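> Input file: input04.txt. Contents: compact mmCIF, C-alpha atoms and all ligand atoms.
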# COMPACT_ATOMS: atom_id res chain seq x y z
CA MET W 1 -38.44 48.42 -26.47
CA HIS W 2 -37.51 51.88 -25.29
CA ASP W 3 -33.74 52.34 -25.44
CA TRP W 4 -32.74 54.34 -22.43
CA THR W 5 -29.67 56.55 -22.77
CA LEU W 6 -27.75 58.68 -20.33
CA ASP W 7 -29.20 61.77 -22.05
CA GLU W 8 -32.33 61.09 -20.06
CA PHE W 9 -30.48 61.43 -16.77
CA VAL W 10 -29.08 64.93 -16.66
CA VAL W 11 -27.42 66.08 -13.46
CA PRO W 12 -25.45 69.31 -13.59
CA GLU W 13 -21.90 69.33 -12.28
CA VAL W 14 -21.68 71.11 -8.97
CA GLU W 15 -18.46 71.86 -7.18
CA GLY W 16 -17.92 69.73 -4.12
CA LYS W 17 -20.49 67.15 -5.19
CA THR W 18 -19.93 63.84 -6.91
CA ARG W 19 -22.31 62.62 -9.57
CA PHE W 20 -22.90 58.95 -10.28
CA HIS W 21 -21.94 59.89 -13.85
CA ASP W 22 -18.39 60.46 -12.63
CA PHE W 23 -17.88 56.72 -12.10
CA ALA W 24 -18.74 55.45 -15.58
CA LEU W 25 -21.24 53.00 -14.14
CA PRO W 26 -23.05 50.53 -16.41
CA LEU W 27 -26.10 51.99 -18.11
CA PRO W 28 -28.68 49.71 -16.48
CA ILE W 29 -27.43 50.80 -13.07
CA MET W 30 -27.51 54.49 -14.05
CA ARG W 31 -31.04 54.00 -15.26
CA ALA W 32 -32.04 52.46 -11.92
CA ILE W 33 -30.35 55.28 -10.03
CA ASP W 34 -32.27 57.78 -12.15
CA LYS W 35 -35.49 55.91 -11.49
CA LEU W 36 -34.80 56.02 -7.74
CA GLY W 37 -34.43 59.77 -8.04
CA TYR W 38 -30.85 59.98 -6.73
CA GLU W 39 -28.81 62.79 -8.25
CA TYR W 40 -25.58 63.23 -6.34
CA CYS W 41 -23.62 60.71 -4.31
CA THR W 42 -23.85 60.86 -0.54
CA PRO W 43 -20.45 61.21 1.21
CA ILE W 44 -20.08 57.48 1.90
CA GLN W 45 -20.85 56.79 -1.76
CA SER W 46 -18.41 59.32 -3.19
CA ASP W 47 -15.72 58.15 -0.77
CA ALA W 48 -16.26 54.39 -0.99
CA LEU W 49 -17.13 53.86 -4.65
CA PRO W 50 -13.68 54.68 -6.11
CA PHE W 51 -12.18 51.91 -3.95
CA ALA W 52 -15.02 49.45 -3.99
CA LEU W 53 -15.28 49.68 -7.78
CA SER W 54 -11.55 48.97 -8.07
CA ASP W 55 -11.89 45.75 -6.09
CA TYR W 56 -10.32 47.09 -2.92
CA ASP W 57 -11.64 46.08 0.47
CA VAL W 58 -13.45 48.85 2.30
CA THR W 59 -14.24 49.32 5.96
CA GLY W 60 -16.87 51.98 6.39
CA GLN W 61 -17.92 53.69 9.57
CA ALA W 62 -21.40 54.74 8.63
CA GLN W 63 -24.88 54.45 10.04
CA THR W 64 -28.13 53.80 8.32
CA GLY W 65 -29.38 56.89 6.56
CA THR W 66 -26.03 57.65 4.99
CA GLY W 67 -26.64 55.78 1.74
CA LYS W 68 -24.19 52.98 2.55
CA THR W 69 -26.50 50.32 1.16
CA ALA W 70 -26.50 51.83 -2.32
CA ALA W 71 -22.71 52.27 -2.04
CA PHE W 72 -22.02 48.56 -1.66
CA LEU W 73 -24.84 47.44 -3.95
CA ILE W 74 -23.68 49.65 -6.83
CA ALA W 75 -20.15 48.29 -6.44
CA LEU W 76 -21.16 44.65 -6.55
CA LEU W 77 -23.76 45.04 -9.28
CA THR W 78 -21.16 46.82 -11.42
CA ARG W 79 -18.85 43.86 -10.94
CA PHE W 80 -21.62 41.45 -11.99
CA TRP W 81 -22.29 43.49 -15.11
CA GLU W 82 -18.69 43.92 -16.11
CA ASN W 83 -17.72 40.30 -15.47
CA PRO W 84 -20.62 38.19 -16.63
CA LEU W 85 -20.38 34.50 -15.83
CA GLN W 86 -19.45 32.34 -18.78
CA GLU W 87 -21.31 29.33 -17.48
CA THR W 88 -24.46 28.83 -15.48
CA PRO W 89 -23.36 28.54 -11.86
CA PRO W 90 -24.53 25.68 -9.65
CA LEU W 91 -27.74 26.24 -7.69
CA GLY W 92 -27.44 28.01 -4.36
CA ALA W 93 -23.98 29.40 -5.13
CA PRO W 94 -24.16 33.21 -5.04
CA ARG W 95 -21.53 35.58 -6.45
CA ALA W 96 -22.09 38.00 -3.60
CA LEU W 97 -23.21 37.56 -0.02
CA ILE W 98 -24.56 40.30 2.23
CA LEU W 99 -24.88 39.58 5.94
CA ALA W 100 -27.12 41.78 8.07
CA PRO W 101 -28.03 41.46 11.76
CA THR W 102 -31.81 41.81 11.51
CA ARG W 103 -34.63 40.69 9.28
CA GLU W 104 -35.78 44.25 8.79
CA LEU W 105 -32.38 45.38 7.59
CA ALA W 106 -31.94 42.33 5.34
CA LEU W 107 -35.34 42.89 3.73
CA GLN W 108 -34.54 46.55 3.29
CA ILE W 109 -31.30 45.67 1.52
CA GLU W 110 -33.20 43.18 -0.65
CA GLY W 111 -35.60 45.94 -1.69
CA ASP W 112 -32.75 48.29 -2.55
CA ALA W 113 -30.93 45.52 -4.45
CA LYS W 114 -34.01 44.76 -6.51
CA ALA W 115 -34.51 48.44 -7.29
CA LEU W 116 -30.89 48.95 -8.32
CA SER W 117 -30.79 45.80 -10.46
CA LYS W 118 -34.20 46.44 -12.00
CA TYR W 119 -32.73 46.70 -15.49
CA MET W 120 -30.26 43.87 -15.10
CA ASP W 121 -30.65 40.17 -15.29
CA GLU W 122 -29.52 39.42 -11.75
CA ARG W 123 -31.28 37.31 -9.21
CA THR W 124 -31.46 38.33 -5.57
CA VAL W 125 -32.65 36.02 -2.80
CA CYS W 126 -33.08 36.98 0.83
CA VAL W 127 -33.05 34.41 3.64
CA VAL W 128 -34.14 35.56 7.08
CA GLY W 129 -35.48 33.93 10.20
CA GLY W 130 -39.08 34.19 11.29
CA MET W 131 -40.37 33.75 7.75
CA ASP W 132 -41.35 30.70 5.72
CA MET W 133 -38.23 28.58 5.34
CA GLN W 134 -39.70 26.32 2.70
CA LYS W 135 -40.45 29.23 0.39
CA GLN W 136 -36.95 30.61 0.83
CA ARG W 137 -35.59 27.15 0.09
CA GLU W 138 -37.55 26.94 -3.13
CA ARG W 139 -36.17 30.27 -4.24
CA LEU W 140 -32.66 29.00 -3.57
CA THR W 141 -33.00 25.64 -5.21
CA LYS W 142 -35.05 26.40 -8.33
CA LYS W 143 -32.84 28.90 -10.14
CA PRO W 144 -29.28 30.14 -9.72
CA VAL W 145 -28.84 33.08 -7.39
CA ASP W 146 -26.40 35.95 -7.96
CA LEU W 147 -26.87 37.93 -4.79
CA LEU W 148 -27.74 36.34 -1.48
CA ILE W 149 -28.77 38.47 1.48
CA GLY W 150 -29.34 36.95 4.87
CA THR W 151 -29.26 37.02 8.62
CA PRO W 152 -26.60 34.72 10.09
CA GLY W 153 -28.85 32.16 11.83
CA ARG W 154 -31.04 31.37 8.86
CA LEU W 155 -28.12 31.28 6.48
CA ILE W 156 -26.42 28.68 8.67
CA ASP W 157 -29.56 26.56 8.54
CA PHE W 158 -29.32 26.56 4.75
CA LEU W 159 -25.58 25.91 4.80
CA ASN W 160 -26.13 22.93 7.10
CA ARG W 161 -28.66 21.51 4.67
CA ASN W 162 -26.28 22.09 1.76
CA ASP W 163 -28.80 24.29 0.04
CA VAL W 164 -26.19 27.03 -0.17
CA SER W 165 -22.54 26.95 -1.12
CA LEU W 166 -20.38 29.99 -0.54
CA LYS W 167 -17.44 28.75 -2.62
CA HIS W 168 -18.22 31.09 -5.50
CA VAL W 169 -18.59 34.25 -3.44
CA GLU W 170 -16.66 37.10 -5.05
CA VAL W 171 -17.90 39.88 -2.79
CA LEU W 172 -18.72 39.59 0.89
CA VAL W 173 -20.56 42.45 2.57
CA ILE W 174 -20.89 42.59 6.33
CA ASP W 175 -23.36 45.22 7.42
CA GLU W 176 -23.78 46.66 10.91
CA ALA W 177 -20.95 44.59 12.37
CA ASP W 178 -21.30 46.31 15.73
CA ARG W 179 -24.87 45.14 16.04
CA MET W 180 -23.86 41.61 15.07
CA LEU W 181 -21.46 41.77 17.99
CA ASP W 182 -24.08 43.16 20.38
CA MET W 183 -26.52 40.46 19.37
CA GLY W 184 -23.99 37.66 19.85
CA PHE W 185 -23.89 36.67 16.17
CA ILE W 186 -20.15 36.76 15.68
CA PRO W 187 -19.53 33.00 16.08
CA ASP W 188 -22.16 32.41 13.39
CA VAL W 189 -20.73 35.11 11.16
CA ARG W 190 -17.27 33.65 11.58
CA ARG W 191 -18.48 30.22 10.50
CA ILE W 192 -20.08 31.78 7.46
CA VAL W 193 -17.05 33.85 6.51
CA TYR W 194 -14.84 30.73 6.68
CA GLN W 195 -16.99 29.08 4.05
CA THR W 196 -16.34 31.86 1.56
CA PRO W 197 -13.08 31.95 -0.43
CA HIS W 198 -9.99 33.23 1.34
CA LYS W 199 -9.91 37.01 1.77
CA ARG W 200 -7.23 37.27 -0.91
CA ARG W 201 -9.64 35.78 -3.36
CA ARG W 202 -12.72 37.78 -2.47
CA GLN W 203 -13.58 41.44 -1.97
CA THR W 204 -14.83 42.35 1.49
CA LEU W 205 -16.88 45.43 2.29
CA PHE W 206 -17.34 45.83 6.02
CA PHE W 207 -19.66 48.38 7.62
CA SER W 208 -20.29 49.34 11.19
CA ALA W 209 -21.76 52.39 12.87
CA THR W 210 -18.99 52.31 15.43
CA PHE W 211 -15.46 50.97 15.37
CA ASN W 212 -14.41 49.94 18.83
CA GLU W 213 -11.52 47.61 19.43
CA GLU W 214 -13.57 44.46 19.00
CA VAL W 215 -15.07 45.62 15.72
CA MET W 216 -11.61 46.62 14.48
CA ARG W 217 -10.32 43.17 15.28
CA LEU W 218 -13.06 41.61 13.17
CA ALA W 219 -12.41 44.06 10.34
CA ASP W 220 -8.70 43.22 10.49
CA SER W 221 -9.25 39.51 10.31
CA TRP W 222 -11.70 39.62 7.41
CA THR W 223 -10.24 42.30 5.15
CA ILE W 224 -6.92 43.03 3.46
CA ASN W 225 -5.50 46.55 3.51
CA PRO W 226 -8.92 48.09 3.50
CA GLU W 227 -9.62 51.70 2.70
CA HIS W 228 -11.19 53.03 5.89
CA ILE W 229 -13.94 55.54 5.36
CA VAL W 230 -15.62 57.49 8.12
CA VAL W 231 -18.90 59.31 7.91
CA GLU W 232 -19.22 61.14 11.18
CA PRO W 233 -22.43 60.42 13.05
CA GLU W 234 -22.82 64.13 13.71
CA GLN W 235 -23.06 64.65 10.00
CA VAL W 236 -25.97 62.27 9.84
CA ALA W 237 -27.70 63.63 12.86
CA THR W 238 -27.42 67.33 12.80
CA ASP W 239 -27.28 68.38 9.19
CA THR W 240 -30.89 68.00 8.26
CA VAL W 241 -32.59 67.49 11.61
CA ASP W 242 -33.85 70.34 13.75
CA GLN W 243 -33.31 68.95 17.24
CA LYS W 244 -35.59 70.24 19.97
CA PHE W 245 -35.49 69.41 23.66
CA TRP W 246 -38.62 70.14 25.63
CA LEU W 247 -38.60 70.38 29.40
CA ILE W 248 -41.70 68.60 30.46
CA GLY W 249 -43.08 66.68 33.43
CA ASN W 250 -43.53 62.93 33.13
CA LYS W 251 -47.25 63.32 33.47
CA GLU W 252 -47.45 65.89 30.69
CA LYS W 253 -45.86 63.73 28.04
CA ASP W 254 -49.06 62.10 26.80
CA ALA W 255 -50.84 65.43 26.45
CA ALA W 256 -47.86 66.93 24.61
CA LEU W 257 -47.91 64.02 22.19
CA LEU W 258 -51.60 64.53 21.51
CA LYS W 259 -51.08 68.21 20.85
CA LEU W 260 -48.21 67.50 18.53
CA PHE W 261 -50.24 65.00 16.53
CA ALA W 262 -53.13 67.43 16.26
CA HIS W 263 -50.76 69.69 14.39
CA ALA W 264 -51.00 69.38 10.63
CA LYS W 265 -47.24 69.55 10.16
CA THR W 266 -46.71 66.25 11.93
CA GLU W 267 -47.40 64.25 8.81
CA ARG W 268 -45.51 61.11 9.63
CA ALA W 269 -43.86 60.49 12.95
CA ILE W 270 -42.02 57.84 14.93
CA VAL W 271 -42.20 57.96 18.71
CA PHE W 272 -39.39 56.18 20.53
CA THR W 273 -39.71 54.76 24.00
CA ASN W 274 -37.00 52.99 25.96
CA ARG W 275 -38.99 49.87 26.80
CA ARG W 276 -41.63 47.69 25.21
CA ASP W 277 -44.17 48.07 28.00
CA GLN W 278 -44.01 51.81 27.56
CA THR W 279 -44.44 51.39 23.78
CA HIS W 280 -47.62 49.41 24.29
CA ARG W 281 -48.92 51.82 26.90
CA VAL W 282 -48.46 54.82 24.61
CA VAL W 283 -50.16 53.00 21.74
CA LYS W 284 -53.11 52.13 23.95
CA PHE W 285 -53.40 55.69 25.16
CA LEU W 286 -53.29 57.18 21.66
CA GLN W 287 -55.71 54.65 20.23
CA LYS W 288 -58.17 55.51 22.98
CA GLN W 289 -57.99 59.07 21.74
CA ASN W 290 -58.81 57.80 18.25
CA ILE W 291 -55.34 58.37 16.93
CA GLN W 292 -54.33 55.73 14.47
CA CYS W 293 -50.95 54.37 15.45
CA GLU W 294 -49.20 51.05 15.87
CA ALA W 295 -46.40 49.58 17.91
CA LEU W 296 -43.13 48.27 16.58
CA ALA W 297 -41.46 46.27 19.31
CA GLY W 298 -39.53 43.03 19.63
CA ASP W 299 -42.42 41.08 21.15
CA ILE W 300 -44.67 41.63 18.14
CA PRO W 301 -44.65 38.77 15.62
CA GLN W 302 -42.43 39.38 12.62
CA ARG W 303 -45.25 39.14 10.11
CA LYS W 304 -47.21 41.82 11.91
CA ARG W 305 -44.17 44.05 12.24
CA LEU W 306 -43.52 43.89 8.52
CA ALA W 307 -47.15 44.63 7.72
CA THR W 308 -47.05 47.63 10.05
CA LEU W 309 -43.83 48.86 8.51
CA ASN W 310 -45.24 48.51 5.02
CA ARG W 311 -48.35 50.45 5.88
CA PHE W 312 -46.17 53.16 7.35
CA LYS W 313 -44.00 53.21 4.23
CA GLU W 314 -46.98 53.41 1.94
CA GLY W 315 -48.42 56.31 3.90
CA ASN W 316 -51.39 54.37 5.25
CA LEU W 317 -50.25 54.75 8.82
CA LYS W 318 -49.10 58.08 10.20
CA TYR W 319 -47.62 57.18 13.54
CA LEU W 320 -45.34 54.43 14.75
CA ILE W 321 -44.42 53.89 18.37
CA ALA W 322 -41.17 51.96 18.54
CA THR W 323 -38.35 50.68 20.68
CA ASP W 324 -34.75 51.19 19.64
CA VAL W 325 -34.19 47.65 18.45
CA ALA W 326 -37.28 47.61 16.28
CA GLY W 327 -36.77 51.18 15.16
CA ARG W 328 -33.24 50.92 13.86
CA GLY W 329 -34.23 49.11 10.73
CA ILE W 330 -36.78 51.66 9.64
CA HIS W 331 -35.68 53.26 6.41
CA VAL W 332 -38.57 55.37 5.35
CA ASP W 333 -38.23 58.68 3.62
CA GLY W 334 -40.64 61.47 4.48
CA VAL W 335 -40.72 60.99 8.26
CA THR W 336 -41.34 64.58 9.39
CA HIS W 337 -40.92 64.07 13.12
CA VAL W 338 -39.11 61.80 15.54
CA VAL W 339 -40.28 62.08 19.12
CA ASN W 340 -38.16 60.81 21.96
CA TYR W 341 -40.83 60.06 24.50
CA GLU W 342 -37.91 59.20 26.72
CA LEU W 343 -34.25 59.97 26.17
CA PRO W 344 -32.21 56.83 25.53
CA GLU W 345 -29.39 55.92 27.85
CA ASP W 346 -27.02 55.24 24.99
CA PRO W 347 -26.24 58.37 22.97
CA GLU W 348 -25.75 56.26 19.87
CA ASP W 349 -29.39 55.27 20.11
CA TYR W 350 -30.26 58.95 20.18
CA VAL W 351 -28.41 59.50 16.91
CA HIS W 352 -29.98 56.41 15.37
CA ARG W 353 -33.42 57.55 16.41
CA ILE W 354 -33.23 61.06 15.05
CA GLY W 355 -31.60 59.69 11.89
CA ARG W 356 -35.02 58.23 10.99
CA THR W 357 -36.04 61.72 9.96
CA GLY W 358 -34.16 64.20 7.80
CA ARG W 359 -33.33 61.37 5.41
CA ALA W 360 -32.17 61.68 1.84
CA GLY W 361 -31.61 65.40 2.21
CA ALA W 362 -35.12 66.27 3.44
CA ASP W 363 -35.62 68.36 6.55
CA GLY W 364 -36.89 66.75 9.72
CA THR W 365 -37.59 67.66 13.31
CA SER W 366 -36.79 65.68 16.41
CA ILE W 367 -38.47 66.50 19.67
CA SER W 368 -37.06 65.03 22.85
CA PHE W 369 -39.15 65.08 25.98
CA VAL W 370 -36.87 65.87 28.88
CA ALA W 371 -38.44 65.00 32.21
CA GLU W 372 -36.48 64.69 35.42
CA ASP W 373 -35.35 61.10 34.74
CA ASP W 374 -34.43 61.86 31.16
CA ALA W 375 -32.16 64.68 32.21
CA PHE W 376 -29.68 62.10 33.51
CA ASN W 377 -29.12 60.93 29.96
CA LEU W 378 -28.52 64.39 28.53
CA PRO W 379 -24.82 64.89 29.36
CA ALA W 380 -23.78 61.76 27.46
CA ILE W 381 -25.80 62.87 24.45
CA GLU W 382 -24.25 66.31 24.56
CA GLU W 383 -20.81 64.82 24.73
CA TYR W 384 -21.52 62.49 21.82
CA LEU W 385 -22.92 65.29 19.69
CA GLY W 386 -20.07 67.55 20.69
CA MET W 387 -22.38 70.39 21.64
CA LYS W 388 -24.56 71.70 24.42
CA VAL W 389 -28.22 71.30 23.72
CA ASP W 390 -30.77 73.95 24.41
CA CYS W 391 -33.69 72.78 26.55
CA THR W 392 -36.79 74.91 26.15
CA LEU W 393 -40.38 74.87 27.26
CA PRO W 394 -42.58 73.00 24.77
CA ASP W 395 -43.42 75.03 21.67
CA ASP W 396 -46.85 76.48 21.72
CA ILE W 397 -48.26 73.95 19.31
P1 LIG W 401 -29.14 53.79 3.79
O1 LIG W 401 -28.13 54.53 4.60
O2 LIG W 401 -28.49 52.83 2.87
O3 LIG W 401 -30.18 53.20 4.63
O4 LIG W 401 -29.87 54.86 2.83
C1 LIG W 401 -30.65 55.88 3.30
C2 LIG W 401 -31.69 56.38 2.32
O5 LIG W 401 -31.11 57.26 1.40
C3 LIG W 401 -32.40 55.34 1.52
O6 LIG W 401 -33.78 55.62 1.57
C4 LIG W 401 -31.88 55.50 0.11
O7 LIG W 401 -32.87 55.21 -0.84
C5 LIG W 401 -31.52 56.95 0.08
N1 LIG W 401 -30.35 57.24 -0.77
C6 LIG W 401 -29.24 56.49 -0.93
N2 LIG W 401 -28.38 57.10 -1.75
C7 LIG W 401 -28.93 58.26 -2.13
C8 LIG W 401 -28.51 59.33 -2.98
N3 LIG W 401 -27.32 59.32 -3.58
N4 LIG W 401 -29.36 60.37 -3.14
C9 LIG W 401 -30.55 60.38 -2.51
N5 LIG W 401 -31.01 59.40 -1.71
C10 LIG W 401 -30.21 58.35 -1.51
Mind converting the file's structure to structure tokens?
Ligand code: AMP


Amino acid sequence: MHDWTLDEFVVPEVEGKTRFHDFALPLPIMRAIDKLGYEYCTPIQSDALPFALSDYDVTGQAQTGTGKTAAFLIALLTRFWENPLQETPPLGAPRALILAPTRELALQIEGDAKALSKYMDERTVCVVGGMDMQKQRERLTKKPVDLLIGTPGRLIDFLNRNDVSLKHVEVLVIDEADRMLDMGFIPDVRRIVYQTPHKRRRQTLFFSATFNEEVMRLADSWTINPEHIVVEPEQVATDTVDQKFWLIGNKEKDAALLKLFAHAKTERAIVFTNRRDQTHRVVKFLQKQNIQCEALAGDIPQRKRLATLNRFKEGNLKYLIATDVAGRGIHVDGVTHVVNYELPEDPEDYVHRIGRTGRAGADGTSISFVAEDDAFNLPAIEEYLGMKVDCTLPDDI
């Protein structure tokens, strides 16, 4: 077998940047990081890893697109590697548990976990609603599991059936706590957290895009003296995304979209609408014009949504038309354009949307259509971004 050494993963030292090499991570993890093509840590990684790797609790204010998933996965996989179990654990008793609000996010984390543990002997299982429960049960009950990822509802089903025991959990990760709150999952999450060992006897890594009072209260009750790390949303949004705002009439939006898609530079785009009916209408319109696109909205069956997302990821589908809820979980590199067919009411949604492009250091463009109705939502976005935006006539595309 080919013996991989760190000599094969050369990253020059650069002032102001942190390399993964600087953390003395286990070789199999470094090899996986190399294989994924990461070179330098993202800010949340360089800030969180020193604490997470030293067993401290961390609360991180970070959105998707910041590299937070790799930050917590690297920490817990390093723990697994450095503290191997002496005995085979009972079935269904994971060493680490990651809770995520949506299936899409949970599956995304599962994919990242599998990639990062590719050269380790760890077993990851993901349990989410809307997918075959029996199959997930088999995965849980056939072989021991090291890392369990799940959405709260489905995990509770398994806990109720005694297929899962959380007594051996060493690391608990709670991802997107603010969305768990919005979606009404906190009572479920609380029940789950109470089945893990006491917070003094586990490490807790808690992430949320926002930290309002309610989220802080949760963080306080589930962590001990956490290191609080903040990655400003502006950093995510504005660094690598060229944000354009086009003044346009409501009736001109469809034509502008067509023109944009006729342009060769729009290689892969996500169009956001505020409501599902609008999503479906835009898809119908574009398909009539022979433009291959698909909808990603909450009323589409999970299986179909995943298939659509996979085709988009693999480059077999160029355009996605999505609502905010369905669009948040999209973690695809190489999205060249995000189009806001309508401006969202919530400025956080705006930042989430445009964060789908300009990922992993690549450049991206966001184009927001600003019709009369949309203009009402602009001041809040400007305030959130901390800058005035420049509305122009549509580019001559
Ligand atoms: P996340 O915020 O966890 O959704 O990650 C955003 C994206 O960045 C994912 O596609 C990761 O694969 C990628 N990523 C994470 N860490 C790094 C890194 N250090 N360098 C480059 N890309 C990264």

> So which one's closest to Ile367 in chain W, W:Ile98, W:Leu247, W:Val164, W:Ile300? Using all atoms listed in the file, please.

W:Leu247

> Using all atoms listed in the file, which residue out of W:Val58, W:Val335, W:Met180, W:Ala24 lies closest to ligand LIG 401 (chain W)?

W:Val335

> I need the residue nearest ligand LIG 401 (chain W) from this list: W:Thr42, W:Asn377, W:Thr323, W:Asn290. Use only C-alpha atoms and all ligand atoms for the distance.

W:Thr42

> Taking only C-alpha atoms and all ligand atoms into account, which residues are within 7 Å of ligand LIG 401 (chain W), as a list in words?

Gly37, Tyr38, Glu39, Tyr40, Cys41, Thr42, Gln63, Thr64, Gly65, Thr66, Gly67, Lys68, Thr69, Ala70, His331, Val332, Asp333, Arg359, Ala360 and Gly361 of chain W

> Let me make sure I understand: among W:Asp178, W:Thr18, W:Arg191, W:Leu107, which one has the smallest atom-to-atom distance to Met216 in chain W if we use all atoms listed in the file?

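Ranked by minimum distance to Met216 in chain W, first place goes to W:Asp178.
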
> If we count all atoms listed in the file, what is near Lys199 in chain W at a cut-off of 8 Å, once residues fewer than 5 positions away on the same chain are taken out, given as a list in words?

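The contact residues come out as Thr204, Trp222, Thr223 and Ile224 of chain W.
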
> With all atoms listed in the file as the basis for distance, which of W:Gln203, W:Thr102, W:Thr365, W:Ser46 is at the shortest distance from Met183 in chain W?

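Checking each candidate against Met183 in chain W, we get W:Thr102 as the closest.
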
> For each of W:Asn340, W:Thr124, W:Gln195, W:Ser221, take the minimum atom-to-atom distance to Asp254 in chain W, counting all atoms listed in the file, then give the residue where this is smallest.

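Closest residue, counting all atoms listed in the file: W:Asn340.
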
> One decimal, Å: what's the distance from CA of Tyr350 in chain W over to CA of Thr273 in chain W, could you say?

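It comes out at 11.0 Å.
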
> So the first atom is CA of Val173 in chain W and the second is CA of Phe158 in chain W; what is the distance between them in Å, to one decimal place?

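If I compute the distance from CA of Val173 in chain W to CA of Phe158 in chain W, I get 18.3 Å.
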
> Quote the spacing between CA of Leu53 in chain W and CA of Leu159 in chain W in Å to one decimal place.

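Value for the CA of Leu53 in chain W-CA of Leu159 in chain W distance: 28.8 Å.
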
> Contacts of Ala100 in chain W at 10 Å or less, counting all atoms listed in the file, minus same-chain residues fewer than 5 places along, as a VMD selection string?

chain W and resid 105 to 107 109 128 149 to 152 173 to 177 179 to 180 189 207

> Pick out the residues sitting within 9 Å of Phe245 in chain W, and hand them over as a list in words; count all atoms listed in the file, and ignore anything fewer than 2 positions along from it in its own chain.

Gln243, Leu247, Ser366, Ile367, Ser368, Phe369, Val370, Val389, Asp390, Cys391, Thr392, Leu393 and Pro394 of chain W

> Give me the residues within 12 Å of Asp57 in chain W as a PyMOL selection string, counting all atoms listed in the file and dropping any in the same chain fewer than 3 places off.

chain W and resi 48-54+60+72+75-76+170-174+199-207+219-220+222-229

> Keeping C-alpha atoms, export the residues of the selection given above as a tab-separated table (two decimals), in the coordinates of the input.


chain	number	residue	atom	x	y	z
W	48	ALA	CA	-16.26	54.39	-0.99
W	49	LEU	CA	-17.13	53.86	-4.65
W	50	PRO	CA	-13.68	54.68	-6.11
W	51	PHE	CA	-12.18	51.91	-3.95
W	52	ALA	CA	-15.02	49.45	-3.99
W	53	LEU	CA	-15.28	49.68	-7.78
W	54	SER	CA	-11.55	48.97	-8.07
W	60	GLY	CA	-16.87	51.98	6.39
W	72	PHE	CA	-22.02	48.56	-1.66
W	75	ALA	CA	-20.15	48.29	-6.44
W	76	LEU	CA	-21.16	44.65	-6.55
W	170	GLU	CA	-16.66	37.10	-5.05
W	171	VAL	CA	-17.90	39.88	-2.79
W	172	LEU	CA	-18.72	39.59	0.89
W	173	VAL	CA	-20.56	42.45	2.57
W	174	ILE	CA	-20.89	42.59	6.33
W	199	LYS	CA	-9.91	37.01	1.77
W	200	ARG	CA	-7.23	37.27	-0.91
W	201	ARG	CA	-9.64	35.78	-3.36
W	202	ARG	CA	-12.72	37.78	-2.47
W	203	GLN	CA	-13.58	41.44	-1.97
W	204	THR	CA	-14.83	42.35	1.49
W	205	LEU	CA	-16.88	45.43	2.29
W	206	PHE	CA	-17.34	45.83	6.02
W	207	PHE	CA	-19.66	48.38	7.62
W	219	ALA	CA	-12.41	44.06	10.34
W	220	ASP	CA	-8.70	43.22	10.49
W	222	TRP	CA	-11.70	39.62	7.41
W	223	THR	CA	-10.24	42.30	5.15
W	224	ILE	CA	-6.92	43.03	3.46
W	225	ASN	CA	-5.50	46.55	3.51
W	226	PRO	CA	-8.92	48.09	3.50
W	227	GLU	CA	-9.62	51.70	2.70
W	228	HIS	CA	-11.19	53.03	5.89
W	229	ILE	CA	-13.94	55.54	5.36
